[in-house]
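Shown next: structure-v8.csv, given as CSV, C-alpha atoms.
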```csv
chain,number,residue,atom,x,y,z
J,1198,MET,CA,-69.7,-51.9,41.8
J,1199,LYS,CA,-71.8,-53.2,38.9
J,1200,ASP,CA,-75.0,-52.6,41.0
J,1201,ALA,CA,-73.9,-49.1,41.8
J,1202,ARG,CA,-73.2,-48.3,38.1
J,1203,ARG,CA,-76.5,-49.9,37.1
J,1204,ASN,CA,-78.4,-47.8,39.7
J,1205,ALA,CA,-76.6,-44.7,38.5
J,1206,LYS,CA,-77.7,-45.3,34.9
J,1207,THR,CA,-81.2,-45.8,36.0
J,1208,ALA,CA,-81.2,-42.6,38.0
J,1209,ALA,CA,-79.8,-40.7,35.0
J,1210,ARG,CA,-82.4,-42.2,32.7
J,1211,SER,CA,-85.2,-41.2,35.0
J,1212,ALA,CA,-83.8,-37.6,35.3
J,1213,SER,CA,-83.8,-37.3,31.5
J,1214,LEU,CA,-87.5,-38.1,31.2
J,1215,ASP,CA,-88.5,-34.5,31.8
J,1216,HIS,CA,-86.7,-33.4,28.6
J,1217,LYS,CA,-88.4,-35.9,26.3
J,1218,GLY,CA,-91.7,-36.1,24.6
J,1219,PRO,CA,-94.5,-38.6,25.2
J,1220,VAL,CA,-93.0,-41.2,22.9
J,1221,GLY,CA,-89.5,-40.8,24.4
J,1222,ARG,CA,-90.9,-41.1,27.9
J,1223,SER,CA,-92.8,-44.3,27.0
J,1224,VAL,CA,-89.7,-45.8,25.5
J,1225,SER,CA,-87.6,-44.8,28.5
J,1226,LYS,CA,-90.2,-46.2,30.9
J,1227,ALA,CA,-90.2,-49.5,29.0
J,1228,ALA,CA,-86.4,-49.6,29.1
J,1229,GLY,CA,-86.6,-48.9,32.8
J,1230,ARG,CA,-88.9,-51.8,33.4
J,1231,VAL,CA,-86.7,-54.1,31.3
J,1232,GLY,CA,-83.7,-52.9,33.3
J,1233,ALA,CA,-85.5,-53.5,36.6
J,1234,ALA,CA,-86.5,-57.0,35.5
J,1235,LYS,CA,-82.9,-57.7,34.5
J,1236,GLY,CA,-81.6,-56.4,37.8
J,1237,ALA,CA,-84.0,-58.6,39.7
J,1238,ALA,CA,-82.9,-61.6,37.7
J,1239,ILE,CA,-79.3,-60.8,38.4
J,1240,GLU,CA,-80.0,-60.4,42.1
J,1241,ARG,CA,-81.8,-63.7,42.3
J,1242,SER,CA,-78.9,-65.4,40.5
J,1243,ARG,CA,-76.4,-63.8,42.9
J,1244,GLN,CA,-78.4,-64.9,45.9
J,1245,ALA,CA,-78.6,-68.5,44.6
J,1246,ARG,CA,-74.9,-68.5,43.9
J,1247,ASP,CA,-74.1,-67.1,47.4
J,1248,GLN,CA,-76.3,-69.8,49.0
J,1249,ARG,CA,-74.5,-72.6,47.1
J,1250,THR,CA,-71.1,-71.1,48.0
J,1251,ALA,CA,-72.0,-70.7,51.6
J,1252,GLY,CA,-73.1,-74.4,51.7
J,1253,LYS,CA,-69.8,-75.5,50.2
J,1254,VAL,CA,-67.8,-73.3,52.7
J,1255,ALA,CA,-69.8,-74.6,55.6
J,1256,ALA,CA,-69.3,-78.2,54.5
J,1257,GLN,CA,-65.5,-77.7,54.2
J,1258,ARG,CA,-65.3,-76.0,57.5
J,1259,ASP,CA,-67.2,-78.9,59.1
J,1260,ASP,CA,-64.8,-81.4,57.5
J,1261,ILE,CA,-61.7,-79.5,58.7
J,1262,ARG,CA,-63.2,-79.0,62.2
J,1263,LYS,CA,-64.0,-82.7,62.6
J,1264,ALA,CA,-60.9,-84.1,60.9
J,1265,PRO,CA,-58.9,-84.7,64.1
J,1266,VAL,CA,-61.7,-86.6,65.9
J,1267,ARG,CA,-62.5,-88.6,62.8
J,1268,LYS,CA,-58.8,-89.6,62.4
J,1269,LYS,CA,-58.7,-90.6,66.0
J,1270,ALA,CA,-61.9,-92.8,65.5
J,1271,ARG,CA,-60.4,-94.4,62.4
J,1272,LYS,CA,-57.3,-95.4,64.3
J,1273,ALA,CA,-59.3,-96.8,67.1
J,1274,LEU,CA,-61.4,-98.9,64.7
J,1275,TRP,CA,-58.2,-100.1,63.1
J,1276,ARG,CA,-56.9,-101.2,66.5
J,1277,SER,CA,-60.1,-102.9,67.3
J,1278,ALA,CA,-60.0,-104.8,64.0
J,1279,ALA,CA,-56.4,-105.8,64.6
J,1280,ARG,CA,-57.3,-107.0,68.0
J,1281,PHE,CA,-60.1,-109.1,66.6
J,1282,GLN,CA,-57.8,-110.7,64.0
J,1283,GLY,CA,-55.3,-111.4,66.7
J,1284,ARG,CA,-57.9,-113.2,68.8
J,1285,ARG,CA,-58.9,-115.2,65.8
J,1286,LEU,CA,-55.3,-116.2,65.2
J,1287,LEU,CA,-55.0,-117.2,68.8
J,1288,ALA,CA,-58.2,-119.2,68.6
J,1289,ALA,CA,-56.9,-121.0,65.5
J,1290,LEU,CA,-53.7,-121.9,67.2
J,1291,LEU,CA,-55.4,-123.3,70.3
J,1292,ALA,CA,-58.0,-125.0,68.3
J,1293,GLY,CA,-55.3,-126.7,66.2
J,1294,ALA,CA,-53.6,-127.9,69.3
J,1295,LEU,CA,-56.8,-129.2,70.8
J,1296,GLY,CA,-57.7,-130.8,67.5
J,1297,LEU,CA,-54.9,-133.3,68.0
J,1298,VAL,CA,-56.6,-134.3,71.2
J,1299,GLY,CA,-59.9,-134.5,69.3
J,1300,MET,CA,-58.5,-137.1,67.0
J,1301,VAL,CA,-58.7,-139.4,70.0
J,1302,SER,CA,-61.6,-138.0,72.0
J,1303,THR,CA,-64.0,-137.7,69.0
J,1304,PRO,CA,-64.2,-141.4,68.2
J,1305,LEU,CA,-64.5,-142.2,71.9
J,1306,GLY,CA,-67.3,-139.6,72.3
J,1307,ARG,CA,-69.2,-141.2,69.4
J,1308,LYS,CA,-69.0,-144.6,71.0
J,1309,LEU,CA,-70.1,-143.3,74.5
J,1310,GLY,CA,-72.6,-140.9,73.1
J,1311,TRP,CA,-70.9,-137.9,74.8
J,1312,ALA,CA,-71.1,-134.8,72.5
J,1313,TRP,CA,-68.8,-132.8,74.7
J,1314,LEU,CA,-65.9,-135.1,73.8
J,1315,GLN,CA,-66.4,-134.6,70.1
J,1316,TYR,CA,-64.6,-132.0,68.0
J,1317,PRO,CA,-63.2,-130.0,70.9
J,1318,GLY,CA,-61.0,-127.9,68.5
J,1319,ARG,CA,-63.9,-126.7,66.4
J,1320,ARG,CA,-66.1,-125.9,69.4
J,1321,LEU,CA,-63.2,-123.9,71.0
J,1322,TYR,CA,-62.6,-122.0,67.8
J,1323,ALA,CA,-66.2,-121.1,67.3
J,1324,ARG,CA,-66.7,-120.0,70.9
J,1325,MET,CA,-63.5,-117.9,71.0
J,1326,THR,CA,-64.3,-116.2,67.7
J,1327,ARG,CA,-67.9,-115.5,68.7
J,1328,THR,CA,-66.7,-113.9,71.9
J,1329,ALA,CA,-64.1,-111.9,70.1
J,1330,GLU,CA,-66.7,-110.7,67.5
J,1331,GLU,CA,-69.1,-109.7,70.3
J,1332,GLN,CA,-66.4,-107.7,72.0
J,1333,ARG,CA,-65.3,-106.1,68.8
J,1334,THR,CA,-68.9,-105.0,68.2
J,1335,LEU,CA,-69.1,-103.4,71.6
J,1336,ARG,CA,-65.8,-101.6,71.1
J,1337,ASP,CA,-66.8,-100.3,67.7
J,1338,ASP,CA,-70.2,-99.1,68.9
J,1339,ALA,CA,-68.4,-97.3,71.8
J,1340,ILE,CA,-65.9,-95.7,69.3
J,1341,ARG,CA,-68.7,-94.5,67.0
J,1342,ALA,CA,-70.7,-93.2,70.0
J,1343,ALA,CA,-67.6,-91.3,71.2
J,1344,LEU,CA,-67.1,-89.9,67.6
J,1345,GLU,CA,-70.7,-88.6,67.5
J,1346,ASP,CA,-70.2,-86.9,70.9
J,1347,ASP,CA,-66.9,-85.4,69.8
J,1348,GLU,CA,-68.5,-84.1,66.6
J,1349,ALA,CA,-71.4,-82.7,68.5
J,1350,ALA,CA,-68.9,-81.0,70.9
J,1351,ALA,CA,-67.0,-79.6,67.9
J,1352,ASP,CA,-70.2,-78.2,66.4
J,1353,ALA,CA,-71.2,-76.6,69.7
J,1354,GLU,CA,-67.7,-75.1,70.1
J,1355,ALA,CA,-67.9,-73.7,66.6
J,1356,ALA,CA,-71.3,-72.2,67.3
J,1357,ASP,CA,-70.1,-70.5,70.5
J,1358,SER,CA,-66.7,-69.4,69.1
J,1359,ALA,CA,-66.3,-65.8,68.2
J,1360,GLU,CA,-63.4,-66.6,66.0
J,1361,GLN,CA,-65.5,-68.1,63.2
J,1362,ILE,CA,-65.2,-66.7,59.7
J,1363,SER,CA,-67.9,-64.1,59.2
J,1364,ASP,CA,-70.9,-65.2,57.1
J,1365,THR,CA,-71.5,-61.8,55.6
J,1366,ALA,CA,-69.4,-59.5,53.5
J,1367,GLU,CA,-70.3,-55.8,53.6
J,1368,ARG,CA,-70.6,-54.2,50.2
J,1369,PRO,CA,-70.9,-50.5,49.4
J,1370,GLU,CA,-74.4,-49.1,48.8
J,1371,GLY,CA,-73.4,-46.5,46.3
J,1372,LEU,CA,-70.7,-45.5,43.8
J,1373,MET,CA,-67.2,-45.9,45.1
J,1374,PRO,CA,-64.3,-44.0,43.6
J,1375,ALA,CA,-61.7,-46.2,41.9
J,1376,ALA,CA,-58.5,-46.6,43.8
J,1377,PRO,CA,-55.5,-44.9,42.1
J,1378,THR,CA,-53.2,-47.3,40.4
J,1379,MET,CA,-49.5,-47.1,41.1
J,1380,THR,CA,-46.7,-49.3,39.9
J,1381,ALA,CA,-43.5,-50.0,41.7
J,1382,SER,CA,-41.6,-47.5,39.5
J,1383,GLU,CA,-44.0,-44.6,40.3
J,1384,GLY,CA,-43.5,-44.8,44.0
J,1385,GLU,CA,-40.8,-45.6,46.4
J,1386,GLY,CA,-42.2,-49.1,47.1
J,1387,MET,CA,-45.2,-51.2,47.3
J,1388,SER,CA,-46.8,-52.1,50.6
J,1389,GLY,CA,-48.7,-55.3,51.2
J,1390,PHE,CA,-48.3,-58.9,52.1
J,1391,ARG,CA,-45.8,-60.4,49.7
J,1392,PHE,CA,-46.3,-64.1,50.4
J,1393,GLU,CA,-44.5,-65.2,47.3
J,1394,GLU,CA,-41.3,-63.5,48.4
J,1395,TYR,CA,-41.3,-65.3,51.7
J,1396,ALA,CA,-42.1,-68.6,50.0
J,1397,ALA,CA,-39.3,-68.0,47.5
J,1398,GLU,CA,-36.8,-67.3,50.3
J,1399,MET,CA,-37.9,-70.6,52.0
J,1400,GLU,CA,-37.4,-72.5,48.7
J,1401,ALA,CA,-33.9,-71.0,48.2
J,1402,ALA,CA,-33.0,-71.8,51.8
J,1403,ALA,CA,-34.1,-75.4,51.3
J,1404,GLY,CA,-31.9,-75.7,48.2
J,1405,GLN,CA,-28.9,-74.3,50.1
J,1406,TYR,CA,-29.5,-76.3,53.3
J,1407,GLU,CA,-26.4,-78.2,54.5
J,1408,PRO,CA,-27.2,-80.0,57.7
J,1409,GLU,CA,-24.3,-80.6,60.1
J,1410,SER,CA,-25.7,-84.0,61.1
J,1411,ALA,CA,-28.7,-86.3,60.6
J,1412,MET,CA,-29.9,-85.3,64.1
J,1413,GLU,CA,-30.4,-81.8,62.8
J,1414,ILE,CA,-32.6,-83.2,60.0
J,1415,LEU,CA,-34.5,-85.1,62.6
J,1416,ALA,CA,-35.1,-81.9,64.6
J,1417,MET,CA,-36.3,-80.2,61.4
J,1418,VAL,CA,-38.6,-83.0,60.5
J,1419,GLU,CA,-40.2,-82.9,64.0
J,1420,ARG,CA,-40.8,-79.2,63.6
J,1421,LEU,CA,-42.5,-79.6,60.2
J,1422,PRO,CA,-46.0,-79.8,61.7
J,1423,ASP,CA,-45.7,-76.5,63.4
J,1424,ALA,CA,-44.2,-74.9,60.3
J,1425,LEU,CA,-47.0,-76.2,58.1
J,1426,THR,CA,-49.6,-75.2,60.7
J,1427,SER,CA,-48.3,-71.6,60.5
J,1428,VAL,CA,-48.6,-71.7,56.7
J,1429,ALA,CA,-52.2,-73.1,57.0
J,1430,ASN,CA,-53.0,-70.3,59.5
J,1431,VAL,CA,-52.0,-67.8,56.9
J,1432,MET,CA,-54.6,-69.1,54.6
J,1433,LYS,CA,-57.2,-69.2,57.4
J,1434,ILE,CA,-56.5,-65.6,58.2
J,1435,LEU,CA,-56.8,-64.6,54.6
J,1436,ALA,CA,-60.1,-66.5,54.3
J,1437,GLU,CA,-61.5,-64.7,57.4
J,1438,ARG,CA,-60.5,-61.3,56.2
J,1439,ALA,CA,-61.6,-62.0,52.6
J,1440,ASP,CA,-65.0,-62.9,53.9
J,1441,SER,CA,-65.4,-60.2,56.6
J,1442,GLU,CA,-63.1,-57.2,55.6
J,1443,PHE,CA,-62.0,-57.3,52.0
J,1444,PRO,CA,-64.5,-56.4,49.3
J,1445,LEU,CA,-64.5,-59.9,47.8
J,1446,GLU,CA,-67.1,-62.5,46.9
J,1447,LYS,CA,-67.7,-65.6,49.0
J,1448,ASP,CA,-66.1,-67.9,46.4
J,1449,VAL,CA,-62.8,-66.2,47.0
J,1450,ALA,CA,-63.0,-66.9,50.7
J,1451,GLU,CA,-64.0,-70.4,49.9
J,1452,GLY,CA,-60.8,-70.8,47.8
J,1453,PHE,CA,-58.7,-69.7,50.8
J,1454,SER,CA,-60.6,-72.1,53.0
J,1455,SER,CA,-59.9,-74.9,50.6
J,1456,ILE,CA,-56.2,-74.1,50.6
J,1457,PHE,CA,-56.3,-74.1,54.4
J,1458,GLY,CA,-57.9,-77.6,54.4
J,1459,ALA,CA,-55.3,-78.9,52.0
J,1460,VAL,CA,-52.4,-77.6,54.0
J,1461,MET,CA,-53.9,-79.0,57.2
J,1462,SER,CA,-54.0,-82.4,55.5
J,1463,ALA,CA,-50.3,-82.0,54.8
J,1464,VAL,CA,-49.9,-81.3,58.6
J,1465,ALA,CA,-51.5,-84.6,59.4
J,1466,VAL,CA,-48.9,-86.4,57.1
J,1467,ALA,CA,-46.1,-84.4,58.6
J,1468,GLU,CA,-47.0,-85.5,62.1
J,1469,ASP,CA,-46.3,-89.1,61.0
J,1470,MET,CA,-42.8,-88.1,59.6
J,1471,GLY,CA,-41.2,-87.8,63.0
J,1472,PRO,CA,-42.1,-91.3,64.3
J,1473,LEU,CA,-41.3,-92.8,60.9
J,1474,PHE,CA,-37.9,-91.1,60.9
J,1475,ARG,CA,-37.1,-92.4,64.4
J,1476,LEU,CA,-38.3,-95.9,63.5
J,1477,SER,CA,-36.3,-96.1,60.3
J,1478,HIS,CA,-33.1,-94.8,62.0
J,1479,GLU,CA,-33.6,-96.2,65.5
J,1480,GLN,CA,-30.1,-97.5,66.0
J,1481,ASP,CA,-28.5,-94.4,64.6
J,1482,ILE,CA,-30.5,-92.1,66.8
J,1483,ALA,CA,-29.7,-94.3,69.8
J,1484,ARG,CA,-26.0,-93.7,69.3
J,1485,HIS,CA,-26.6,-90.0,69.7
J,1486,GLU,CA,-29.4,-89.8,72.3
J,1487,ASP,CA,-28.2,-92.8,74.4
J,1488,PRO,CA,-24.6,-93.4,73.7
J,1489,ARG,CA,-22.8,-96.3,75.3
J,1490,ASN,CA,-20.1,-95.0,77.7
J,1491,GLY,CA,-20.4,-91.5,76.3
J,1492,HIS,CA,-20.2,-89.9,72.8
J,1493,GLU,CA,-16.5,-90.4,72.5
J,1494,ALA,CA,-16.7,-94.1,73.1
J,1495,GLU,CA,-19.6,-94.4,70.7
J,1496,LYS,CA,-17.4,-92.9,68.0
J,1497,GLY,CA,-15.4,-96.1,68.0
J,1498,TRP,CA,-18.1,-97.4,65.6
J,1499,ASN,CA,-16.8,-95.6,62.5
J,1500,VAL,CA,-19.7,-96.3,60.2
```
Can you give me the file's structure in the form of structure tokens?
Amino acid sequence: MKDARRNAKTAARSASLDHKGPVGRSVSKAAGRVGAAKGAAIERSRQARDQRTAGKVAAQRDDIRKAPVRKKARKALWRSAARFQGRRLLAALLAGALGLVGMVSTPLGRKLGWAWLQYPGRRLYARMTRTAEEQRTLRDDAIRAALEDDEAAADAEAADSAEQISDTAERPEGLMPAAPTMTASEGEGMSGFRFEEYAAEMEAAAGQYEPESAMEILAMVERLPDALTSVANVMKILAERADSEFPLEKDVAEGFSSIFGAVMSAVAVAEDMGPLFRLSHEQDIARHEDPRNGHEAEKGWNV
């Protein structure tokens, strides 16, 4: 809109040159050159800003797209490290037991000159830990290689997908009439997406929620990831439409994309809530899901 108004002023100034004298035309031409230089500077600044914003949006999309495979790789590396530490602990236990034998075999080996009888516990521990470390290195390398393949596959899928957020936002070439303003009192109602109303209804429902049993809470907790994913998809849709349909700048679409990434992070946390709930209330849940001699018999435990 600012560009359109600026162009309109330039056209009006050029049209008025015919009605001015030589001095007026010179001044108007100089003002036109200054305006053109100013417009070029503004356009360069806008292009640089759009490039920076596009880079940030692309980086955030890349992080969101690769978050699941990176989380999977981190868990695999943690399991590999835990397995290595377990092997070290086992080696320490076996080496300690064999060290008792070494208290007898080591002096004997020194007298006989047999090195294989000396310090059997130390040598067993060193060999087992060395083998465990080599195996861990191989596992970690395989995990990192698989992560690189998964990230490359995610990039290829994103490049081929037609559902990606558009990288361009169409803007009007000329002057556009201002949309008429209307308040709620001037018309019968206001159309549009009232996200805050739905969110307020959910908040009120949470405050009035009275579960009949803890199993109902468990079912709600296990459905949380799907619910939060739907909320995240709302932000994703708004980001797509803000970038491809609505007359908005790229930084607005970037804001919606940032919200989408934040909610998806909450989805990852919510996915751990169900297993945590079941682990913390394992015995209570077992009374409902696997009652001994039926639900009526299980009610004998009045706790």
message: Quick one: residues within 8 Å of region 1259-1262 of chain J, all atoms listed in the file, excluding same-chain residues fewer than 6 positions away - as a list of chain:residue names?
response: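 The contact residues come out as J:Ala1351, J:Asp1352, J:Gly1458, J:Met1461.
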statement: Correct to one decimal, the distance CA of Arg1285 (chain J)-CA of Arg1320 (chain J) is 13.4 Å
For a quick check of your reading of the model, name the residues lying within 12 Å of the coordinate (-48.6, -88.0, 63.8), counting all atoms listed in the file, and write them as a compact mmCIF listing (two decimals) with C-alpha atoms, in the frame of the given file.
```txt
# COMPACT_ATOMS: atom_id res chain seq x y z
CA PRO J 1265 -58.90 -84.70 64.10
CA LYS J 1268 -58.80 -89.60 62.40
CA LYS J 1269 -58.70 -90.60 66.00
CA LYS J 1272 -57.30 -95.40 64.30
CA VAL J 1418 -38.60 -83.00 60.50
CA GLU J 1419 -40.20 -82.90 64.00
CA ARG J 1420 -40.80 -79.20 63.60
CA LEU J 1421 -42.50 -79.60 60.20
CA PRO J 1422 -46.00 -79.80 61.70
CA ASP J 1423 -45.70 -76.50 63.40
CA SER J 1462 -54.00 -82.40 55.50
CA ALA J 1463 -50.30 -82.00 54.80
CA VAL J 1464 -49.90 -81.30 58.60
CA ALA J 1465 -51.50 -84.60 59.40
CA VAL J 1466 -48.90 -86.40 57.10
CA ALA J 1467 -46.10 -84.40 58.60
CA GLU J 1468 -47.00 -85.50 62.10
CA ASP J 1469 -46.30 -89.10 61.00
CA MET J 1470 -42.80 -88.10 59.60
CA GLY J 1471 -41.20 -87.80 63.00
CA PRO J 1472 -42.10 -91.30 64.30
CA LEU J 1473 -41.30 -92.80 60.90
CA PHE J 1474 -37.90 -91.10 60.90
```
message: Measuring between only C-alpha atoms, which one of J:Arg1271, J:Asn1430, J:Arg1438, J:Thr1326 shows the shortest distance to Leu1286 (chain J)?
response: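 With only C-alpha atoms as the atom set, the closest residue is J:Thr1326.
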query: Just how far from CA of Leu1314 (chain J) is CA of Gly1293 (chain J), in Å to one decimal?
result: 15.5 Å
query: Separation of CA of Arg1327 (chain J) and CA of Ala1289 (chain J), in Å?
result: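 These two atoms are separated by 12.7 Å.
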